[in-house]
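Remarks on the structure that follows.
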Amino acid sequence: MKAKRLVFIGVGGQGNLLASRLLGEAALSRDIPTVVSEIHGMAQRGGIVESAVLMGDVTSPIVSNGEADVFIGFEPLETLRGLTKCNAHTTVITNTHPLPPFTVAIGQGAYPQVEESLNLIRQKVDRLIALDGNQIAEAVGNPLALNMVMLGALIGSDTIPIQAEDMKDVISSSTKKAFLESNLEAFDKGMQSV
(Lines give C-alpha, C1' and ligand atoms only; values in the text may rest on other atoms or scores of the structure.)
Protein backbone atom coordinates (compact mmCIF):
# COMPACT_ATOMS: atom_id res chain seq x y z
CA MET A 1 0.00 0.00 0.00
CA LYS A 2 1.21 3.48 -0.86
CA ALA A 3 2.13 5.37 2.29
CA LYS A 4 -0.44 7.61 3.98
CA ARG A 5 0.90 10.10 6.49
CA LEU A 6 -1.49 11.65 9.00
CA VAL A 7 -0.76 14.27 11.63
CA PHE A 8 -3.00 14.95 14.63
CA ILE A 9 -2.48 18.17 16.55
CA GLY A 10 -4.34 19.71 19.45
CA VAL A 11 -4.16 20.94 22.98
CA GLY A 12 -3.62 18.67 25.97
CA GLY A 13 -6.88 17.18 27.17
CA GLN A 14 -8.65 17.18 23.79
CA GLY A 15 -8.03 13.49 23.17
CA ASN A 16 -5.96 13.58 19.99
CA LEU A 17 -3.47 11.01 21.29
CA LEU A 18 -6.31 8.57 21.95
CA ALA A 19 -7.74 9.29 18.49
CA SER A 20 -4.42 8.50 16.78
CA ARG A 21 -4.01 5.31 18.83
CA LEU A 22 -7.53 4.11 17.97
CA LEU A 23 -6.94 4.87 14.28
CA GLY A 24 -3.71 2.86 14.42
CA GLU A 25 -5.58 -0.07 15.98
CA ALA A 26 -8.26 0.10 13.25
CA ALA A 27 -5.58 0.09 10.54
CA LEU A 28 -3.79 -2.89 12.11
CA SER A 29 -7.12 -4.75 12.31
CA ARG A 30 -7.24 -4.48 8.51
CA ASP A 31 -3.65 -5.78 8.23
CA ILE A 32 -2.34 -2.39 7.10
CA PRO A 33 1.24 -1.84 8.29
CA THR A 34 0.94 1.09 10.69
CA VAL A 35 3.18 3.18 12.93
CA VAL A 36 1.74 5.52 15.57
CA SER A 37 4.02 8.02 17.27
CA GLU A 38 3.74 10.92 19.63
CA ILE A 39 6.05 13.48 18.14
CA HIS A 40 6.13 15.86 21.06
CA GLY A 41 3.77 17.22 23.62
CA MET A 42 2.95 18.02 27.17
CA ALA A 43 0.81 15.74 29.28
CA GLN A 44 -0.79 18.65 31.09
CA ARG A 45 -3.96 20.31 29.84
CA GLY A 46 -3.21 23.32 27.69
CA GLY A 47 0.08 22.17 26.15
CA ILE A 48 0.42 21.42 22.43
CA VAL A 49 0.17 17.72 21.67
CA GLU A 50 1.09 16.26 18.28
CA SER A 51 1.02 12.69 17.07
CA ALA A 52 1.34 10.89 13.76
CA VAL A 53 -0.17 7.82 12.16
CA LEU A 54 1.71 6.40 9.18
CA MET A 55 0.09 3.65 7.15
CA GLY A 56 1.51 1.47 4.41
CA ASP A 57 5.05 1.40 3.13
CA VAL A 58 6.91 3.78 5.47
CA THR A 59 10.44 3.75 6.84
CA SER A 60 10.21 6.47 9.49
CA PRO A 61 7.75 7.17 12.32
CA ILE A 62 8.06 10.91 11.68
CA VAL A 63 6.06 13.10 9.31
CA SER A 64 8.44 15.79 8.08
CA ASN A 65 7.44 19.26 6.92
CA GLY A 66 5.39 19.12 3.73
CA GLU A 67 4.70 15.36 4.01
CA ALA A 68 1.22 15.14 5.60
CA ASP A 69 -1.44 13.59 3.39
CA VAL A 70 -4.08 14.36 6.01
CA PHE A 71 -3.79 16.86 8.86
CA ILE A 72 -6.33 16.69 11.68
CA GLY A 73 -6.41 19.77 13.90
CA PHE A 74 -8.40 19.73 17.13
CA GLU A 75 -8.01 23.50 17.63
CA PRO A 76 -7.99 26.13 14.83
CA LEU A 77 -4.89 28.08 15.88
CA GLU A 78 -2.91 24.86 16.33
CA THR A 79 -4.07 23.79 12.87
CA LEU A 80 -2.74 27.06 11.47
CA ARG A 81 0.55 26.66 13.36
CA GLY A 82 0.97 23.12 12.05
CA LEU A 83 0.54 24.03 8.38
CA THR A 84 4.25 23.46 7.77
CA LYS A 85 3.47 19.72 7.82
CA CYS A 86 1.09 20.21 4.85
CA ASN A 87 1.54 20.62 1.11
CA ALA A 88 -0.67 21.65 -1.80
CA HIS A 89 -2.23 18.14 -1.91
CA THR A 90 -3.01 17.80 1.82
CA THR A 91 -6.53 17.41 3.18
CA VAL A 92 -6.97 19.40 6.40
CA ILE A 93 -9.75 18.56 8.85
CA THR A 94 -10.05 21.15 11.59
CA ASN A 95 -12.20 21.87 14.57
CA THR A 96 -13.31 25.53 14.43
CA HIS A 97 -13.91 25.89 18.18
CA PRO A 98 -11.13 28.07 19.63
CA LEU A 99 -9.32 27.24 22.84
CA PRO A 100 -7.28 30.43 23.40
CA PRO A 101 -3.94 29.94 25.17
CA PHE A 102 -3.28 31.29 28.66
CA THR A 103 -1.43 34.32 27.26
CA VAL A 104 -4.65 35.50 25.60
CA ALA A 105 -6.61 35.08 28.84
CA ILE A 106 -4.17 37.34 30.71
CA GLY A 107 -4.08 39.93 27.93
CA GLN A 108 -0.55 39.22 26.66
CA GLY A 109 -1.64 37.98 23.27
CA ALA A 110 -4.43 38.17 20.73
CA TYR A 111 -6.30 35.23 19.25
CA PRO A 112 -6.78 35.52 15.46
CA GLN A 113 -10.28 35.44 14.00
CA VAL A 114 -11.14 31.81 13.18
CA GLU A 115 -12.40 32.75 9.69
CA GLU A 116 -9.06 34.45 8.93
CA SER A 117 -7.21 31.30 9.99
CA LEU A 118 -9.48 29.13 7.82
CA ASN A 119 -8.85 31.40 4.81
CA LEU A 120 -5.08 31.09 5.29
CA ILE A 121 -5.36 27.30 5.54
CA ARG A 122 -7.60 27.14 2.43
CA GLN A 123 -4.93 28.95 0.39
CA LYS A 124 -2.23 26.39 1.28
CA VAL A 125 -3.93 23.02 0.90
CA ASP A 126 -6.04 21.02 -1.53
CA ARG A 127 -9.08 20.50 0.71
CA LEU A 128 -10.29 21.97 3.99
CA ILE A 129 -13.00 20.36 6.10
CA ALA A 130 -13.98 22.69 8.96
CA LEU A 131 -16.49 21.79 11.66
CA ASP A 132 -17.34 22.82 15.22
CA GLY A 133 -16.45 19.51 16.81
CA ASN A 134 -17.05 20.79 20.34
CA GLN A 135 -20.61 21.78 19.46
CA ILE A 136 -21.25 18.34 17.94
CA ALA A 137 -19.81 16.58 21.01
CA GLU A 138 -21.96 18.68 23.34
CA ALA A 139 -25.05 18.00 21.19
CA VAL A 140 -24.65 14.23 21.77
CA GLY A 141 -24.31 14.80 25.50
CA ASN A 142 -20.60 14.08 25.81
CA PRO A 143 -18.39 17.21 25.65
CA LEU A 144 -15.31 14.94 25.92
CA ALA A 145 -16.13 13.20 22.62
CA LEU A 146 -14.37 15.76 20.40
CA ASN A 147 -11.85 13.08 19.42
CA MET A 148 -14.68 10.78 18.26
CA VAL A 149 -16.18 13.62 16.19
CA MET A 150 -12.80 14.26 14.54
CA LEU A 151 -12.27 10.54 13.84
CA GLY A 152 -15.72 10.46 12.25
CA ALA A 153 -14.86 13.44 10.04
CA LEU A 154 -11.60 11.72 9.05
CA ILE A 155 -13.37 8.51 8.04
CA GLY A 156 -16.07 10.55 6.29
CA SER A 157 -13.42 12.40 4.26
CA ASP A 158 -12.59 9.18 2.36
CA THR A 159 -8.88 9.93 2.52
CA ILE A 160 -7.73 6.67 4.14
CA PRO A 161 -8.53 2.96 3.62
CA ILE A 162 -10.37 2.53 6.93
CA GLN A 163 -14.12 1.86 6.90
CA ALA A 164 -16.59 3.23 9.45
CA GLU A 165 -17.34 -0.26 10.78
CA ASP A 166 -13.63 -0.96 11.42
CA MET A 167 -13.36 2.28 13.38
CA LYS A 168 -16.57 1.63 15.33
CA ASP A 169 -15.35 -1.85 16.30
CA VAL A 170 -12.19 -0.36 17.79
CA ILE A 171 -14.12 2.43 19.54
CA SER A 172 -16.53 -0.16 20.98
CA SER A 173 -13.74 -2.33 22.35
CA SER A 174 -11.85 0.66 23.83
CA THR A 175 -14.63 2.75 25.36
CA LYS A 176 -16.12 2.52 28.84
CA LYS A 177 -19.71 1.32 28.64
CA ALA A 178 -21.05 4.59 30.10
CA PHE A 179 -19.63 6.57 27.16
CA LEU A 180 -20.03 4.05 24.34
CA GLU A 181 -23.37 5.24 22.96
CA SER A 182 -22.40 8.93 22.97
CA ASN A 183 -18.96 8.17 21.50
CA LEU A 184 -20.48 6.23 18.62
CA GLU A 185 -23.07 8.96 18.07
CA ALA A 186 -20.31 11.61 18.07
CA PHE A 187 -18.38 9.53 15.53
CA ASP A 188 -21.46 9.26 13.28
CA LYS A 189 -22.18 13.00 13.52
CA GLY A 190 -18.55 13.72 12.63
CA MET A 191 -18.85 11.51 9.54
CA GLN A 192 -22.08 13.26 8.53
CA SER A 193 -20.48 16.70 8.87
CA VAL A 194 -18.16 16.11 5.91
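Order determines the names: the first chain of the C-alpha coordinates is A, the second B, and so forth; residues in each chain are numbered 1 upward, and ligands are numbered 1 upward as they are shown.
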
Env of Ser20 of chain A: 8 Å cut, atoms = only C-alpha atoms, seq-sep filter 4 positions within chain, self excluded. Answer as a list in words.
Phe8, Asn16, Gly24, Val36, Ser51, Ala52 and Val53 of chain A

Could you write out the selected residues, including N, CA and C atoms, as a PDB file, in the first residue's frame?
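Contents of selection_38.pdb, as written:
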ATOM      1  N   PHE A   8      -1.967  14.471  13.716  1.00  0.00           N
ATOM      2  CA  PHE A   8      -3.003  14.946  14.631  1.00  0.00           C
ATOM      3  C   PHE A   8      -2.366  15.997  15.521  1.00  0.00           C
ATOM      4  N   ASN A  16      -6.517  13.941  21.305  1.00  0.00           N
ATOM      5  CA  ASN A  16      -5.960  13.585  19.994  1.00  0.00           C
ATOM      6  C   ASN A  16      -4.992  12.405  20.065  1.00  0.00           C
ATOM      7  N   GLY A  24      -4.767   3.852  14.651  1.00  0.00           N
ATOM      8  CA  GLY A  24      -3.715   2.859  14.422  1.00  0.00           C
ATOM      9  C   GLY A  24      -4.218   1.445  14.643  1.00  0.00           C
ATOM     10  N   VAL A  36       2.336   4.390  14.868  1.00  0.00           N
ATOM     11  CA  VAL A  36       1.744   5.523  15.567  1.00  0.00           C
ATOM     12  C   VAL A  36       2.823   6.096  16.469  1.00  0.00           C
ATOM     13  N   SER A  51       0.716  14.097  17.304  1.00  0.00           N
ATOM     14  CA  SER A  51       1.017  12.688  17.068  1.00  0.00           C
ATOM     15  C   SER A  51       0.888  12.409  15.579  1.00  0.00           C
ATOM     16  N   ALA A  52       1.390  11.254  15.180  1.00  0.00           N
ATOM     17  CA  ALA A  52       1.345  10.887  13.763  1.00  0.00           C
ATOM     18  C   ALA A  52       0.912   9.441  13.621  1.00  0.00           C
ATOM     19  N   VAL A  53       0.191   9.175  12.535  1.00  0.00           N
ATOM     20  CA  VAL A  53      -0.170   7.816  12.161  1.00  0.00           C
ATOM     21  C   VAL A  53       0.305   7.638  10.730  1.00  0.00           C
TER      22      VAL A  53
END

Within 12 Å of Asp57 of chain A, counting only C-alpha atoms, which residues qualify if same-chain residues fewer than 3 places away don't, as number ranges by chain?
A: 1-5, 32-35, 54, 60-61

Set the distance at 7 Å and use only C-alpha atoms: which residues neighbour Leu146 of chain A once local chain neighbours fewer than 2 positions away are removed? I'd like the list as a PyMOL selection string.
chain A and resi 14+133-134+137+143-144+148-150

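The coordinates place atom CA of Leu151 of chain A at 15.8 Å from atom CA of Gly13 of chain A.
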
Env of segment 115-117 of chain A: 9 Å cut, atoms = only C-alpha atoms, seq-sep filter 4 positions within chain, self excluded. Answer as a list in words.
Pro76, Leu77, Thr79, Leu80, Thr96, Ile121 and Arg122 of chain A

Selection above as a file: N, CA and C atoms, as a PDB file, in the first residue's frame:
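Result file is result_1.pdb:
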ATOM      1  N   PRO A  76      -8.307  25.404  16.070  1.00  0.00           N
ATOM      2  CA  PRO A  76      -7.991  26.126  14.828  1.00  0.00           C
ATOM      3  C   PRO A  76      -6.627  26.825  14.787  1.00  0.00           C
ATOM      4  N   LEU A  77      -6.199  27.414  15.887  1.00  0.00           N
ATOM      5  CA  LEU A  77      -4.892  28.083  15.881  1.00  0.00           C
ATOM      6  C   LEU A  77      -3.762  27.050  15.774  1.00  0.00           C
ATOM      7  N   THR A  79      -4.041  24.223  14.266  1.00  0.00           N
ATOM      8  CA  THR A  79      -4.071  23.786  12.871  1.00  0.00           C
ATOM      9  C   THR A  79      -3.256  24.754  12.020  1.00  0.00           C
ATOM     10  N   LEU A  80      -3.476  26.034  12.226  1.00  0.00           N
ATOM     11  CA  LEU A  80      -2.740  27.061  11.469  1.00  0.00           C
ATOM     12  C   LEU A  80      -1.239  26.959  11.744  1.00  0.00           C
ATOM     13  N   THR A  96     -13.302  24.068  14.498  1.00  0.00           N
ATOM     14  CA  THR A  96     -13.309  25.532  14.430  1.00  0.00           C
ATOM     15  C   THR A  96     -13.504  26.174  15.799  1.00  0.00           C
ATOM     16  N   ILE A 121      -5.516  28.746   5.738  1.00  0.00           N
ATOM     17  CA  ILE A 121      -5.361  27.305   5.542  1.00  0.00           C
ATOM     18  C   ILE A 121      -5.838  26.922   4.139  1.00  0.00           C
ATOM     19  N   ARG A 122      -7.015  27.439   3.749  1.00  0.00           N
ATOM     20  CA  ARG A 122      -7.601  27.142   2.427  1.00  0.00           C
ATOM     21  C   ARG A 122      -6.624  27.448   1.288  1.00  0.00           C
TER      22      ARG A 122
END

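Of the residues listed (A:Glu25, A:Asp158, A:Glu185, A:Glu75), A:Asp158 shows the shortest atom-to-atom separation from Arg127 of chain A; distances use only C-alpha atoms.
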
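With only C-alpha atoms as the atoms that count, the minimum distance from Leu154 of chain A to the choices A:Ala139, A:Ala186, A:Met191, A:Leu118 is reached by A:Met191.
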
Using DSSP on the backbone, list every residue of segment 67-118 of chain A that comes out as strand (DSSP E or B), and give them as an NGL selection string.
:A and (70-73 or 91-95)

Can you pull out every residue within 9 Å of Ile129 of chain A, counting only C-alpha atoms, but drop anything in the same chain fewer than 2 positions away, and send it as number ranges by chain?
A: 91-95, 127, 131, 153, 157, 193-194

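The residue that comes closest to Asp188 of chain A, out of A:Ile162, A:Val114, A:Ile136, A:Leu28 and on the basis of only C-alpha atoms, is A:Ile136.
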
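Relative to atom CA of Phe187 of chain A, atom CA of Thr175 of chain A is found at 12.5 Å.
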
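Closest approach to Glu181 of chain A from the set A:Leu120, A:Gly47, A:Leu23, A:Ala145 is made by A:Ala145, with distances taken over only C-alpha atoms.
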
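Between atom CA of Asp31 of chain A and atom CA of Leu184 of chain A lies a distance of 23.1 Å.
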